[in-house]
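A.B. asks: Please find one structure pasted underneath; my questions will follow.
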Amino acid sequence: MESPWARGPLKPFRHGQYRWLAAATALSLLADGMWMIATVWQVIDLDGGPKQLSFVAVGWSAGVVATTLVGGVLADRIPQRRIIVGVSVVRVLTASVVGIAAVAGLGAIWHLAVAGLVFGMTAGVFFPAYSAILPSIVDADDLLAANGIEGVLRPIMLQAAGPAAASVIVATISPGHAIVAVALAELACLLLLIGLRPVPLRRDLDAAEGHGVGHLLGDLREGFGYVARTPWLLATLLLATVLVMVSMGPIEVLLPFVIKDDLGGDATSHAWVMAAYGIGGAIASLVVSSLPLARRYLSVMVLMWGAGVLPLAFVGIAPDVVTLAALLFVVGGLFNAPNVIWGTLLQRRVPPPMLGRVSSLDFFVSLTFMPVSMAVAGPLGVAVGTDVVFLVAALIPLPLAFVAIAWARMRVDEIAHPLRPSDRPDSRDAHTLG
């Protein structure tokens with residue numbers, strides 16, 4: 001009898017190593033979602049206000065930006081299992097100390113700020129290692145489904161289950177106990193990661209390369225150089241930079257005021273709209289991972305990103321919260337579905353010795369420009385109106401997507417480097433395709 005894992009979006013689960021990693025990822029995302037809510041209410045419980053909350057939140061962003069590029073270099077030099085287990089140990093200890101202090105009545109806002117910084121730093125190291133280890137534990141043709149599973153887990157655990165669990169604990173016990181629950185979730189994650197078997201580093205490090213700072217900087221330069229001379233990769237990263245700049249700020253900063261001032265909604269309305277965004281992303285990720293990779297995979301990915309923000313043009317004329325939620329559902333789907341393809345492309349077409357660094361550059365671009373977009377969106381909304389900001393955000397990416405396809409000659413590249421088994425001239429490993 002054929003294994004239930006043999007086909008469809010669950011294919012990666014036929015690999016025992018992946019089952020451990022997927023379960024650990026789900027718990028880590030759950031912990032992150034709980035942390036977001038627990039820290040907000042712990043700040044409030046300590047008589048903090050918006051300034052103190054911003055102080056705590058900035059630590060996470062600063063930590064990620066500070067370590068992401070270094071994390072990429074480490075992921076290409078150190079066995080990735082060792083990195084993600086080490087990261088998990090640090091997260092368990094950090095959440096435990098802060099949670100116990102809060103429950104004991106010894107908590108302080110600076111504890112949360114330092115913990116947020118540590119969590120951000122560990123995220124910057126974890127992501128490149130996770131991206132680099134995945135091709136070592138699943139077959140190349142299962143990577144699309146594996147990235148789709150992450151695309152489903154992320155909104156469900158990070159945006160729904162985690163905040164919901166933390167809210168219940170905060171309401172029934174205290175924010176400190178919610179932070180302790182974060183530590184327990186991280187501990188369960190660590191135990192699962194320990195269950196992973198060691199995976200060899202997919203790079204031959206010559207003894208002459210050394211491990212000093214100069215050699216590490218040389219690795220980083222090599223990563224930048226690879227991106228610069230790979231047209232499909234460079235064009236996609238540049239498009240992603242613009243997409244993040246024009247869309248994330250309006251969605252995160254201006255959308256709550258559209259809901260409140262234009263539609264008469266409240267915090268619950270905002271939660272429903274953002275839930276629709278997350279659900280759209282989860283469903284689209286599942287659909288993409290269930291289908292064969294498109295033959296025109298680069299064009300499909302880039303055009304979906306370009307067209308995905310078009311519904312934002314109608315935010316200013318949405319008559320009610322339900323319509324707004326429907327618009328964000330579509331945006332979430334078209335914004336996240338290409339991410340599944342993108343993660344698969346990195347793992348299939350980037351040479352294994354370079355994957356950690358290239359993944360870290362991708363992560364760095366997104367996280368660096370997101371706060372810039374948020375900082376600019378508010379003043380622009382006041383100066384020209386939220387409707388105009390959303391309209392511009394909707395209309396800029398699609399023409400740039402066509403420019404990216406033409407400039408990088410993606411339509412030629414994707415046919416010359418097929419990824420679907422049926423399109424390949426032989427059974428060579430996809431990493432030889434360049």
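Convention: chains lettered A, B, ... in structure tokens order; per-chain residue numbering from 1; ligands numbered from 1 as shown.
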Give the helix (DSSP H, G or I) residues of stretch 32-277 of chain A, as assigned by DSSP on the backbone, as number ranges by chain.

C.D. replies: A: 32-45, 50-75, 80-103, 109-137, 140-172, 175-194, 207-209, 213-228, 231-262, 267-277

A.B. asks: Give me the residues near A:Gly63 as number ranges by chain, where near means some atom within 12 Å (using only C-alpha atoms) and where sequence neighbours in that chain fewer than 2 positions away do not count.

C.D. replies: A: 56-61, 65-71, 113-125, 364, 367-368

A.B. asks: Using only C-alpha atoms, find each residue of stretch 65-180 of chain A with at least one atom at most 10 Å away from an atom of stretch 28-40 of chain A; report its shortest atom-to-atom pair and that distance in Å (one decimal), sort the rows by chain and rising residue number, and return the result as a Markdown table.

C.D. replies:
```
| residue | atom | partner | partner_atom | distance |
| --- | --- | --- | --- | --- |
| A:Ser88 | CA | A:Ser28 | CA | 8.7 |
| A:Arg91 | CA | A:Ser28 | CA | 9.6 |
| A:Ala95 | CA | A:Trp35 | CA | 8.9 |
| A:Gly99 | CA | A:Ala38 | CA | 9.8 |
| A:Ile109 | CA | A:Thr39 | CA | 9.2 |
| A:Leu112 | CA | A:Thr39 | CA | 6.9 |
| A:Ala113 | CA | A:Thr39 | CA | 9.4 |
| A:Ala115 | CA | A:Thr39 | CA | 10.0 |
| A:Gly116 | CA | A:Thr39 | CA | 9.1 |
| A:Phe119 | CA | A:Asp32 | CA | 9.0 |
| A:Glu150 | CA | A:Leu29 | CA | 9.9 |
| A:Leu153 | CA | A:Leu29 | CA | 7.8 |
| A:Arg154 | CA | A:Leu29 | CA | 6.5 |
| A:Pro155 | CA | A:Leu29 | CA | 8.9 |
| A:Ile156 | CA | A:Leu30 | CA | 8.6 |
| A:Met157 | CA | A:Leu30 | CA | 4.8 |
| A:Leu158 | CA | A:Gly33 | CA | 4.3 |
| A:Gln159 | CA | A:Gly33 | CA | 6.1 |
| A:Ala160 | CA | A:Gly33 | CA | 7.6 |
| A:Ala161 | CA | A:Leu30 | CA | 6.6 |
| A:Gly162 | CA | A:Gly33 | CA | 4.1 |
| A:Pro163 | CA | A:Met34 | CA | 5.0 |
| A:Ala164 | CA | A:Met34 | CA | 7.7 |
| A:Ala165 | CA | A:Met34 | CA | 6.7 |
| A:Ala166 | CA | A:Met34 | CA | 4.9 |
| A:Ser167 | CA | A:Ile37 | CA | 6.8 |
| A:Ile169 | CA | A:Ala38 | CA | 8.8 |
| A:Val170 | CA | A:Ala38 | CA | 7.0 |
| A:Ser174 | CA | A:Ala38 | CA | 8.8 |
| A:Pro175 | CA | A:Ala38 | CA | 5.2 |
| A:Gly176 | CA | A:Ala38 | CA | 7.4 |
| A:His177 | CA | A:Ala38 | CA | 8.6 |
| A:Ala178 | CA | A:Ala38 | CA | 5.7 |
| A:Ile179 | CA | A:Ala38 | CA | 6.0 |
| A:Val180 | CA | A:Ala38 | CA | 9.6 |
```

A.B. asks: With N, CA, C and O atoms kept, could you save the residues just selected as a short mmCIF file (atom, residue, chain, number, x, y, z; two decimals), in the first residue's frame?

C.D. replies:
```cif
data_model
loop_
_atom_site.label_atom_id
_atom_site.label_comp_id
_atom_site.auth_asym_id
_atom_site.auth_seq_id
_atom_site.Cartn_x
_atom_site.Cartn_y
_atom_site.Cartn_z
N SER A 88 18.27 27.44 19.86
CA SER A 88 17.14 27.03 20.70
C SER A 88 17.51 27.04 22.18
O SER A 88 16.70 27.43 23.03
N ARG A 91 17.34 30.59 23.39
CA ARG A 91 15.96 31.06 23.52
C ARG A 91 15.27 30.49 24.76
O ARG A 91 14.51 31.18 25.44
N ALA A 95 13.92 33.08 27.70
CA ALA A 95 12.50 33.14 28.08
C ALA A 95 12.31 32.66 29.51
O ALA A 95 11.45 33.20 30.24
N GLY A 99 10.68 35.05 32.25
CA GLY A 99 9.39 34.58 32.74
C GLY A 99 9.38 34.36 34.24
O GLY A 99 8.45 34.77 34.95
N ILE A 109 11.05 46.39 32.60
CA ILE A 109 10.91 46.59 31.15
C ILE A 109 12.22 46.33 30.43
O ILE A 109 12.24 45.79 29.33
N LEU A 112 12.62 42.82 29.24
CA LEU A 112 11.92 42.51 27.99
C LEU A 112 12.70 43.03 26.79
O LEU A 112 12.74 42.39 25.74
N ALA A 113 13.30 44.22 26.94
CA ALA A 113 14.06 44.80 25.84
C ALA A 113 15.27 43.94 25.51
O ALA A 113 15.57 43.67 24.33
N ALA A 115 15.66 40.76 26.27
CA ALA A 115 15.19 39.48 25.74
C ALA A 115 14.77 39.61 24.29
O ALA A 115 15.04 38.72 23.47
N GLY A 116 14.09 40.73 23.95
CA GLY A 116 13.71 40.96 22.56
C GLY A 116 14.92 41.05 21.65
O GLY A 116 14.93 40.52 20.53
N PHE A 119 16.23 37.50 21.23
CA PHE A 119 15.35 36.75 20.33
C PHE A 119 15.58 37.18 18.88
O PHE A 119 15.58 36.36 17.96
N GLU A 150 5.71 25.35 5.59
CA GLU A 150 6.12 26.49 6.42
C GLU A 150 5.20 27.69 6.18
O GLU A 150 4.85 28.41 7.11
N LEU A 153 2.17 26.96 8.25
CA LEU A 153 2.42 27.00 9.70
C LEU A 153 2.61 28.41 10.22
O LEU A 153 2.15 28.76 11.31
N ARG A 154 3.28 29.25 9.42
CA ARG A 154 3.64 30.58 9.92
C ARG A 154 2.42 31.40 10.32
O ARG A 154 2.34 31.88 11.47
N PRO A 155 1.42 31.61 9.44
CA PRO A 155 0.27 32.40 9.89
C PRO A 155 -0.57 31.70 10.95
O PRO A 155 -1.11 32.35 11.85
N ILE A 156 -0.69 30.38 10.87
CA ILE A 156 -1.53 29.66 11.83
C ILE A 156 -0.93 29.73 13.23
O ILE A 156 -1.62 30.04 14.21
N MET A 157 0.36 29.43 13.35
CA MET A 157 0.99 29.38 14.66
C MET A 157 1.41 30.76 15.16
O MET A 157 1.23 31.08 16.34
N LEU A 158 1.97 31.57 14.25
CA LEU A 158 2.51 32.87 14.66
C LEU A 158 1.42 33.91 14.86
O LEU A 158 1.44 34.70 15.81
N GLN A 159 0.44 33.93 13.96
CA GLN A 159 -0.58 34.99 13.98
C GLN A 159 -1.89 34.58 14.63
O GLN A 159 -2.70 35.45 14.95
N ALA A 160 -2.12 33.28 14.80
CA ALA A 160 -3.40 32.84 15.36
C ALA A 160 -3.22 32.07 16.67
O ALA A 160 -3.59 32.54 17.74
N ALA A 161 -2.63 30.87 16.59
CA ALA A 161 -2.56 30.00 17.78
C ALA A 161 -1.72 30.62 18.90
O ALA A 161 -2.13 30.60 20.07
N GLY A 162 -0.55 31.17 18.55
CA GLY A 162 0.31 31.75 19.58
C GLY A 162 -0.35 32.91 20.32
O GLY A 162 -0.44 32.89 21.56
N PRO A 163 -0.83 33.94 19.60
CA PRO A 163 -1.52 35.03 20.29
C PRO A 163 -2.74 34.58 21.07
O PRO A 163 -3.00 35.08 22.17
N ALA A 164 -3.49 33.62 20.53
CA ALA A 164 -4.69 33.15 21.24
C ALA A 164 -4.31 32.47 22.54
O ALA A 164 -4.92 32.72 23.60
N ALA A 165 -3.30 31.60 22.50
CA ALA A 165 -2.87 30.90 23.72
C ALA A 165 -2.36 31.89 24.76
O ALA A 165 -2.70 31.79 25.95
N ALA A 166 -1.55 32.85 24.33
CA ALA A 166 -1.02 33.84 25.27
C ALA A 166 -2.13 34.69 25.87
O ALA A 166 -2.11 35.01 27.06
N SER A 167 -3.10 35.05 25.05
CA SER A 167 -4.21 35.88 25.54
C SER A 167 -4.97 35.16 26.65
O SER A 167 -5.36 35.78 27.66
N ILE A 169 -3.81 32.83 28.69
CA ILE A 169 -2.97 32.76 29.89
C ILE A 169 -2.89 34.12 30.58
O ILE A 169 -2.97 34.22 31.82
N VAL A 170 -2.76 35.18 29.79
CA VAL A 170 -2.72 36.53 30.37
C VAL A 170 -4.01 36.84 31.10
O VAL A 170 -4.02 37.38 32.21
N SER A 174 -1.51 35.55 34.35
CA SER A 174 -0.72 36.79 34.31
C SER A 174 0.17 36.78 33.07
O SER A 174 0.44 35.72 32.49
N PRO A 175 0.66 37.96 32.66
CA PRO A 175 1.61 38.00 31.53
C PRO A 175 2.89 37.23 31.81
O PRO A 175 3.47 36.62 30.91
N GLY A 176 3.33 37.24 33.07
CA GLY A 176 4.54 36.51 33.42
C GLY A 176 4.40 35.02 33.16
O GLY A 176 5.32 34.36 32.67
N HIS A 177 3.23 34.47 33.49
CA HIS A 177 3.01 33.05 33.23
C HIS A 177 2.96 32.77 31.73
O HIS A 177 3.35 31.69 31.29
N ALA A 178 2.49 33.74 30.95
CA ALA A 178 2.51 33.57 29.49
C ALA A 178 3.95 33.50 28.97
O ALA A 178 4.24 32.73 28.04
N ILE A 179 4.84 34.27 29.58
CA ILE A 179 6.25 34.20 29.18
C ILE A 179 6.85 32.86 29.58
O ILE A 179 7.66 32.28 28.85
N VAL A 180 6.45 32.35 30.74
CA VAL A 180 6.90 31.00 31.13
C VAL A 180 6.41 29.97 30.11
O VAL A 180 7.15 29.02 29.76
#
```

A.B. asks: Using only C-alpha atoms, pick whichever of A:Pro319, A:Ile84, A:Trp110, A:Val302 has the shortest atom-to-atom distance to A:Phe55.

C.D. replies: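 Between A:Pro319, A:Ile84, A:Trp110, A:Val302, the residue approaching A:Phe55 most closely is A:Trp110.
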
A.B. asks: What's the separation between atom CA of A:Tyr226 and atom CA of A:Ala408, in Å to one decimal place?

C.D. replies: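 Between atom CA of A:Tyr226 and atom CA of A:Ala408 the gap works out to 14.6 Å.
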